[in-house]
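See below for the structure under consideration.
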Amino acid sequence: RMAHASELIHQLGELKPRLVEHPVEIIYTEYSKAKGQSLLNGVNILTDLFFR
């Protein structure tokens with residue numbers, strides 16, 4: 001599932017590691033823009049976060 005991404009942010013916040021940022025360029029294709037995410041997928045992620 002996708003809740004792991006939010007858990008990683010929480011764990012990194014507790015560790016307080018030294019961070020370095022690097023610029024990236026993201027290019028979205030017409031296919032990836034058309035595919036998108038459903039609203040139900042967002043609800044599933046929130047459910048995983050709060051009821052784990």
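Identifiers in this document derive from the order of the structure tokens: chains are assigned A, B, ..., residues are numbered from 1 separately in each chain, and ligands are numbered from 1 in order of occurrence.
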Run DSSP on the backbone of this structure and report the residues of range 3-38 of chain A it assigns to alpha helix (DSSP H), as a PyMOL selection string.
chain A and resi 3-15+30-35
Self-check item: Exercise: His4 in chain A partners within 10 Å, only C-alpha atoms, chain neighbours under 5 positions left out, as number ranges by chain
Solution: A: 9-10, 45, 48-49
The selected residues should be written to file as a PDB file, in the first residue's frame (atoms: C-alpha atoms).
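selection-v1.pdb, written as the output of this step:
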```
ATOM      1  CA  ILE A   9       8.522  10.702   6.890  1.00  0.00           C
ATOM      2  CA  HIS A  10       7.494  10.209  10.535  1.00  0.00           C
ATOM      3  CA  ILE A  45      -4.152   5.320   2.382  1.00  0.00           C
ATOM      4  CA  ASP A  48      -4.026   2.433   6.634  1.00  0.00           C
ATOM      5  CA  LEU A  49      -2.443   5.367   8.493  1.00  0.00           C
TER       6      LEU A  49
END
```
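If only C-alpha atoms are the atoms counted, then among A:Ala3, A:Leu8, A:Ile27, A:Leu19 the closest residue to Leu46 in chain A is A:Ala3.
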As a check of understanding: the span from CA of Glu7 in chain A to CA of Phe50 in chain A is 11.1 Å
